[in-house]
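*Asks:* Pasting a structure here, questions to come.
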Amino acid sequence: MITIILVVADAAILIPPALIFTYLAALSVLALVERRRPLCRARRLRRFCIVIPARDEEPGIARTVASALHVRYPAGLFDVVVVADNCADRTAGVARAAGACVFERNDALHRGKGYALRWIFNMVAAPASGYEAIAVVDADTIVAANFLAVMNAYLEGGARAVQATDVVDCPVSGWMSDIVGIAVSLYNVVRPLGRRALRLSAGLRGNGMCFESALLREIPWNAYTQTEDVEYGFALAQRGITVVFAPETSVVGAIPAQSRNAESQRARWEIGRYSVIRAFVPVLARSAIRERSLIQIDALAELLIPPLANLVGVTTLLALFTWLLVYAGVDALKPVGAGWTIALGLAGIHIVIGLIAVRAGWKTFVSLARAPVYLLWKLKLYGKVLSSGHTEEWVRTARDAERSPSS
């Protein structure tokens with residue numbers, strides 16, 4: 001009787017990760033075979049506003065502004081607007097000198113990127129502004145030269161929200177930046193590309209997103225968690241609006257190579273993720289059941305999928321535990337052990353095929369050997385978050401140069 005209970009319990013625990021890895025592996029395969037489609041030929045050029053929210057970004061804001069100003073698009077049809085939000089440095093002055101239109105915001109009670117975006121959207125998305133579309137890029141980003149031309153083409157084709165390829169770069173290689181780069185490629189490129197093949201919503205990644213001004217008036221930006229982009233993306237999914245993925249253009253952000261500088265960034269993402277889960281799982285579940293919308297069902301699935309490193313780590317431990325019991329004489333668990341092994345194989349397919357789909361180099365595959373170190377680092381981070389509490393405030397991630405011994 002105990003053996004039967006053990007087998008049933010182990011098999012029941014296996015089902016969720018097996019389904020998740022099957023789905024992720026399918027997305028990687030779809031991303032690999034997805035072909036570029038011809039962009040819609042635009043009959044007219046829309047007027048854009050590129051919004052750059054910034055908090056204490058004096059060292060790098062000029063580079064980002066210059067990148068945005070040099071996109072290949074008629075100069076009279078776009079403006080670059082920097083929101084200097086509660087800055088204690090010279091961000092506003094440097095951005096203004098670089099050629100941006102700067103709005104300074106000081107609000108001690110409503111601090112954070114989400115509040116800064118809502119504040120500026122109230123101005124630039126209003127009909128009187130004359131802007132037909134609003135794009136958002138982070139303050140540590142290089143924007144591709146064809147960014148606005150691609151956004152214009154997708155809007156011409158009927159898209160109301162568009163997400164560019166959001167990738168990261170770190171000038172100094174390190175175990176942290178290498179592993180995070182892999183995770184970002186799988187999450188920000190492979191999954192959206194696979195969903196694109198299924199005509200599903202890519203979701204928002206915060207950097208390189210673009211909206212019709214009318215959409216921001218219709219569905220106001222009320223996303224204020226630490227992952228405000230994800231939150232607004234699910235708000236769109238709830239309304240049945242697809243975020244279209246645009247692999248033809250990109251934004252390249254920076255990630256910290258040093259683990260101590262990455263902790264605040266990762267903690268912000270993890271805390272914000274669970275805030276969004278609490279807010280949207282019940283709403284999306286009811287809406288998906290009521291409307292039977294694949295967009296909403298997929299958005300709900302995306303929301304419930306744990307971070308990949310966490311899921312692979314837990315699955316590996318449970319697989320080892322099952323095979324240890326088999327080795328100890330519980331032969332009835334052999335089929336379940338095989339199931340755990342297959343689940344891990346599907347996880348491997350997702351990672352390897354996904355990296356092939358984004359044309360990763362051989363050094364990227366070598367970096368996968370450091371994944372266990374990354375998982376241990378995350379466990380340590382969770383401990384710090386749980387012991388120290390958290391805040392929903394926009395905590396800027398320190399750049400490596402600002403905390404290096406030579407600075």
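As shown in the structure tokens, the chain order sets the letters A, B, ...; within each chain, residues go from 1, and ligands are also counted from 1 in the order they appear.
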Please report, as a PyMOL selection string, each residue of range 178-395 of chain A to which DSSP assigns alpha helix (DSSP H) when run on this structure's backbone.
*Replies:* chain A and resi 178-185+191-197+213-218+228-238+259-291+294-304+308-327+334-357+362-367+371-388
*Asks:* Mind writing the picked residues with C-alpha atoms as a short mmCIF file (atom, residue, chain, number, x, y, z; two decimals), in the first residue's frame?
*Replies:*
data_model
loop_
_atom_site.label_atom_id
_atom_site.label_comp_id
_atom_site.auth_asym_id
_atom_site.auth_seq_id
_atom_site.Cartn_x
_atom_site.Cartn_y
_atom_site.Cartn_z
CA ASP A 178 27.22 34.38 -19.35
CA ILE A 179 24.47 32.44 -17.58
CA VAL A 180 22.11 35.42 -17.37
CA GLY A 181 22.71 36.02 -21.07
CA ILE A 182 21.57 32.46 -21.81
CA ALA A 183 18.48 32.87 -19.63
CA VAL A 184 17.60 36.17 -21.30
CA SER A 185 18.01 34.69 -24.79
CA ARG A 191 9.86 31.90 -26.33
CA PRO A 192 8.47 34.94 -28.20
CA LEU A 193 9.73 33.55 -31.52
CA GLY A 194 8.01 30.22 -30.84
CA ARG A 195 4.81 31.99 -29.86
CA ARG A 196 5.05 34.08 -33.02
CA ALA A 197 4.82 30.85 -35.03
CA SER A 213 -1.02 56.01 -28.56
CA ALA A 214 -4.71 55.13 -28.82
CA LEU A 215 -4.05 51.85 -27.01
CA LEU A 216 -2.46 53.65 -24.06
CA ARG A 217 -5.54 55.86 -23.86
CA GLU A 218 -7.88 52.89 -24.15
CA GLU A 228 5.68 46.73 -14.60
CA ASP A 229 6.22 45.63 -18.21
CA VAL A 230 5.10 42.06 -17.51
CA GLU A 231 2.14 43.38 -15.56
CA TYR A 232 0.93 45.58 -18.41
CA GLY A 233 1.48 42.73 -20.88
CA PHE A 234 -0.90 40.54 -18.91
CA ALA A 235 -3.39 43.41 -18.71
CA LEU A 236 -3.35 43.46 -22.52
CA ALA A 237 -3.74 39.67 -22.69
CA GLN A 238 -6.74 39.91 -20.40
CA SER A 259 27.28 38.92 -8.92
CA ARG A 260 27.10 41.58 -6.20
CA ASN A 261 25.85 44.13 -8.76
CA ALA A 262 23.36 41.63 -10.21
CA GLU A 263 21.67 40.87 -6.89
CA SER A 264 19.48 43.98 -6.77
CA GLN A 265 18.40 43.48 -10.38
CA ARG A 266 17.53 39.80 -9.94
CA ALA A 267 15.79 40.44 -6.61
CA ARG A 268 13.67 43.11 -8.28
CA TRP A 269 12.63 40.70 -11.04
CA GLU A 270 11.82 37.88 -8.64
CA ILE A 271 9.82 40.08 -6.24
CA GLY A 272 7.95 41.70 -9.10
CA ARG A 273 7.13 38.32 -10.64
CA TYR A 274 5.32 37.10 -7.55
CA SER A 275 3.46 40.39 -7.23
CA VAL A 276 2.14 39.91 -10.78
CA ILE A 277 1.23 36.27 -10.07
CA ARG A 278 -0.88 37.28 -7.10
CA ALA A 279 -2.63 39.98 -9.10
CA PHE A 280 -3.28 38.23 -12.41
CA VAL A 281 -3.61 34.45 -11.94
CA PRO A 282 -7.22 34.58 -10.66
CA VAL A 283 -8.25 37.19 -13.23
CA LEU A 284 -6.62 35.46 -16.21
CA ALA A 285 -7.89 32.04 -15.14
CA ARG A 286 -11.50 33.25 -15.01
CA SER A 287 -11.15 35.12 -18.29
CA ALA A 288 -9.47 32.21 -20.09
CA ILE A 289 -12.18 29.77 -18.98
CA ARG A 290 -14.99 32.16 -19.85
CA GLU A 291 -13.71 33.25 -23.26
CA LEU A 294 -5.69 30.82 -26.57
CA ILE A 295 -3.97 34.16 -25.98
CA GLN A 296 -5.21 34.24 -22.39
CA ILE A 297 -4.58 30.53 -21.78
CA ASP A 298 -1.00 30.94 -23.02
CA ALA A 299 -0.53 34.09 -20.93
CA LEU A 300 -1.74 32.18 -17.86
CA ALA A 301 0.68 29.35 -18.63
CA GLU A 302 3.55 31.82 -19.02
CA LEU A 303 2.68 33.39 -15.70
CA LEU A 304 2.68 30.05 -13.89
CA LEU A 308 13.88 27.85 -15.77
CA ALA A 309 16.91 27.41 -13.50
CA ASN A 310 14.66 26.81 -10.49
CA LEU A 311 12.52 24.26 -12.33
CA VAL A 312 15.50 22.36 -13.75
CA GLY A 313 17.15 22.29 -10.32
CA VAL A 314 14.07 20.95 -8.51
CA THR A 315 13.38 18.44 -11.29
CA THR A 316 16.95 17.14 -11.10
CA LEU A 317 16.71 16.64 -7.34
CA LEU A 318 13.37 14.82 -7.63
CA ALA A 319 14.69 12.63 -10.43
CA LEU A 320 17.72 11.67 -8.33
CA PHE A 321 15.49 10.96 -5.33
CA THR A 322 13.26 8.69 -7.43
CA TRP A 323 16.17 6.72 -8.86
CA LEU A 324 17.68 6.35 -5.38
CA LEU A 325 14.44 4.74 -4.24
CA VAL A 326 14.56 2.44 -7.27
CA TYR A 327 18.14 1.55 -6.37
CA LYS A 334 11.13 2.70 -12.48
CA PRO A 335 8.51 4.06 -14.94
CA VAL A 336 8.24 7.27 -12.92
CA GLY A 337 12.03 7.57 -12.82
CA ALA A 338 12.05 7.20 -16.59
CA GLY A 339 9.46 9.97 -16.73
CA TRP A 340 11.67 12.30 -14.68
CA THR A 341 14.59 11.50 -17.00
CA ILE A 342 12.50 12.26 -20.08
CA ALA A 343 11.38 15.57 -18.50
CA LEU A 344 15.01 16.58 -18.01
CA GLY A 345 15.70 15.56 -21.59
CA LEU A 346 12.93 17.88 -22.76
CA ALA A 347 14.47 20.67 -20.70
CA GLY A 348 17.76 20.01 -22.47
CA ILE A 349 15.99 20.17 -25.85
CA HIS A 350 14.49 23.52 -24.92
CA ILE A 351 17.88 24.94 -23.96
CA VAL A 352 20.03 23.46 -26.74
CA ILE A 353 17.58 23.87 -29.63
CA GLY A 354 16.69 27.34 -28.35
CA LEU A 355 20.32 28.43 -28.33
CA ILE A 356 20.78 27.01 -31.82
CA ALA A 357 17.71 28.99 -32.92
CA TRP A 362 30.15 27.45 -28.87
CA LYS A 363 31.31 29.48 -25.86
CA THR A 364 27.66 29.90 -24.86
CA PHE A 365 27.20 26.13 -24.72
CA VAL A 366 30.38 25.79 -22.64
CA SER A 367 28.93 28.33 -20.19
CA ALA A 371 24.43 26.60 -14.37
CA PRO A 372 24.69 24.79 -10.98
CA VAL A 373 26.73 27.71 -9.60
CA TYR A 374 24.03 30.10 -10.81
CA LEU A 375 21.33 28.03 -9.13
CA LEU A 376 23.19 28.08 -5.81
CA TRP A 377 23.60 31.85 -6.17
CA LYS A 378 19.85 32.20 -6.68
CA LEU A 379 19.10 30.12 -3.59
CA LYS A 380 21.36 32.42 -1.60
CA LEU A 381 19.56 35.42 -3.10
CA TYR A 382 16.13 34.05 -2.12
CA GLY A 383 17.39 33.70 1.42
CA LYS A 384 18.46 37.35 1.48
CA VAL A 385 15.14 38.52 0.05
CA LEU A 386 13.11 36.53 2.57
CA SER A 387 15.21 37.67 5.51
CA SER A 388 15.42 41.35 4.60
#
*Asks:* Give me the residues near Cys210 in chain A as a PyMOL selection string, where near means some atom within 8 Å (using only C-alpha atoms) and where sequence neighbours in that chain fewer than 3 positions away do not count.
*Replies:* chain A and resi 133-136+151+161-163
*Asks:* Next, the residues of the selection above should be written as a short mmCIF file (atom, residue, chain, number, x, y, z; two decimals), in the first residue's frame with C-alpha atoms.
*Replies:*
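Everything below was put into result_21.cif:
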data_model
loop_
_atom_site.label_atom_id
_atom_site.label_comp_id
_atom_site.auth_asym_id
_atom_site.auth_seq_id
_atom_site.Cartn_x
_atom_site.Cartn_y
_atom_site.Cartn_z
CA ALA A 133 2.92 55.68 -31.29
CA ILE A 134 5.06 55.52 -28.15
CA ALA A 135 8.20 53.39 -27.85
CA VAL A 136 10.01 52.67 -24.57
CA MET A 151 7.77 49.40 -35.53
CA ALA A 161 1.58 46.57 -29.31
CA VAL A 162 4.99 45.41 -30.53
CA GLN A 163 8.00 43.97 -28.72
#
*Asks:* Give the strand (DSSP E) residues of range 4-123 of chain A, as DSSP finds them on the backbone, and put them as a count of residues only.
*Replies:* 20
*Asks:* Quick one, how far is CA of Thr165 in chain A from CA of Arg72 in chain A?
*Replies:*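 Going from CA of Thr165 in chain A over to CA of Arg72 in chain A covers 17.5 Å.
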*Asks:* Please report the interatomic distance between CA of Val51 in chain A and CA of Asp85 in chain A in Å with one decimal.
*Replies:*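 Distance reported for this atom pair: 12.3 Å.
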*Asks:* Which residues are close to range 104-116 of chain A, i.e. within 12 Å by only C-alpha atoms, leaving aside same-chain residues fewer than 2 positions away? Reply as an NGL selection string.
*Replies:* :A and (51-56 or 81-93 or 95-96 or 101-102 or 118-123 or 136-139 or 206-207 or 220-232 or 268 or 272 or 391-396)
*Asks:* Would you put the residues from that selection into a file with C-alpha atoms, as an mmCIF file, in the first residue's frame?
*Replies:*
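For reference, result10.cif as written:
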data_model
loop_
_atom_site.group_PDB
_atom_site.id
_atom_site.type_symbol
_atom_site.label_atom_id
_atom_site.label_comp_id
_atom_site.auth_asym_id
_atom_site.auth_seq_id
_atom_site.Cartn_x
_atom_site.Cartn_y
_atom_site.Cartn_z
ATOM 1 C CA VAL A 51 10.522 57.433 -24.101
ATOM 2 C CA ILE A 52 13.590 56.707 -21.958
ATOM 3 C CA PRO A 53 12.809 56.416 -18.226
ATOM 4 C CA ALA A 54 15.953 57.146 -16.227
ATOM 5 C CA ARG A 55 16.938 57.348 -12.605
ATOM 6 C CA ASP A 56 20.484 58.420 -11.788
ATOM 7 C CA VAL A 81 12.051 62.072 -24.460
ATOM 8 C CA VAL A 82 13.945 61.314 -21.245
ATOM 9 C CA VAL A 83 12.009 61.100 -17.974
ATOM 10 C CA ALA A 84 14.513 61.981 -15.260
ATOM 11 C CA ASP A 85 12.658 60.395 -12.363
ATOM 12 C CA ASN A 86 13.655 61.444 -8.840
ATOM 13 C CA CYS A 87 17.277 61.848 -9.921
ATOM 14 C CA ALA A 88 19.984 62.895 -7.506
ATOM 15 C CA ASP A 89 22.647 63.330 -10.190
ATOM 16 C CA ARG A 90 23.059 65.204 -13.508
ATOM 17 C CA THR A 91 20.976 62.805 -15.621
ATOM 18 C CA ALA A 92 18.637 65.564 -16.811
ATOM 19 C CA GLY A 93 21.412 67.937 -17.830
ATOM 20 C CA ALA A 95 20.413 63.990 -21.502
ATOM 21 C CA ARG A 96 19.414 67.515 -22.504
ATOM 22 C CA CYS A 101 13.705 66.502 -24.632
ATOM 23 C CA VAL A 102 13.852 66.098 -20.858
ATOM 24 C CA ARG A 118 2.209 56.569 -16.463
ATOM 25 C CA TRP A 119 3.164 60.195 -15.797
ATOM 26 C CA ILE A 120 4.817 60.700 -19.188
ATOM 27 C CA PHE A 121 2.212 58.654 -21.087
ATOM 28 C CA ASN A 122 -0.476 61.031 -19.841
ATOM 29 C CA MET A 123 1.327 63.725 -21.836
ATOM 30 C CA VAL A 136 10.007 52.669 -24.574
ATOM 31 C CA VAL A 137 13.704 51.837 -24.187
ATOM 32 C CA ASP A 138 15.773 51.548 -21.026
ATOM 33 C CA ALA A 139 18.451 54.060 -20.099
ATOM 34 C CA GLY A 206 10.056 46.418 -20.818
ATOM 35 C CA ASN A 207 12.868 47.362 -23.167
ATOM 36 C CA PRO A 220 -4.134 53.254 -19.332
ATOM 37 C CA TRP A 221 -0.792 52.222 -17.890
ATOM 38 C CA ASN A 222 -1.626 51.152 -14.339
ATOM 39 C CA ALA A 223 1.364 48.861 -13.819
ATOM 40 C CA TYR A 224 3.445 49.818 -10.806
ATOM 41 C CA THR A 225 5.132 46.598 -9.598
ATOM 42 C CA GLN A 226 8.844 46.018 -10.050
ATOM 43 C CA THR A 227 8.062 44.111 -13.262
ATOM 44 C CA GLU A 228 5.681 46.725 -14.596
ATOM 45 C CA ASP A 229 6.223 45.633 -18.211
ATOM 46 C CA VAL A 230 5.105 42.059 -17.511
ATOM 47 C CA GLU A 231 2.141 43.378 -15.560
ATOM 48 C CA TYR A 232 0.925 45.580 -18.412
ATOM 49 C CA ARG A 268 13.668 43.115 -8.277
ATOM 50 C CA GLY A 272 7.950 41.699 -9.102
ATOM 51 C CA THR A 391 9.997 47.028 -1.491
ATOM 52 C CA GLU A 392 8.088 47.858 -4.653
ATOM 53 C CA GLU A 393 10.248 50.921 -5.243
ATOM 54 C CA TRP A 394 12.259 51.246 -8.439
ATOM 55 C CA VAL A 395 15.741 50.302 -7.229
ATOM 56 C CA ARG A 396 18.297 51.159 -9.877
#
*Asks:* Find the residues near Arg160 in chain A: any atom within 8 Å, counting only C-alpha atoms, skip ones fewer than 6 places away on the same chain, and give them as number ranges by chain.
*Replies:* A: 211-212, 215, 241-243
*Asks:* Within 9 Å of Glu248 in chain A, counting only C-alpha atoms, which residues qualify if same-chain residues fewer than 4 places away don't, as number ranges by chain?
*Replies:* A: 36, 39, 146-147, 150, 164-165
*Asks:* In Å, with one decimal, what is the gap from CA of Asp79 in chain A to CA of Cys49 in chain A?
*Replies:*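 A separation of 5.0 Å between them.
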*Asks:* When distances are computed from only C-alpha atoms, which of A:Pro38, A:Ser67, A:Ala75, A:Val80 shows the smallest separation from Ala246 in chain A?
*Replies:* A:Pro38
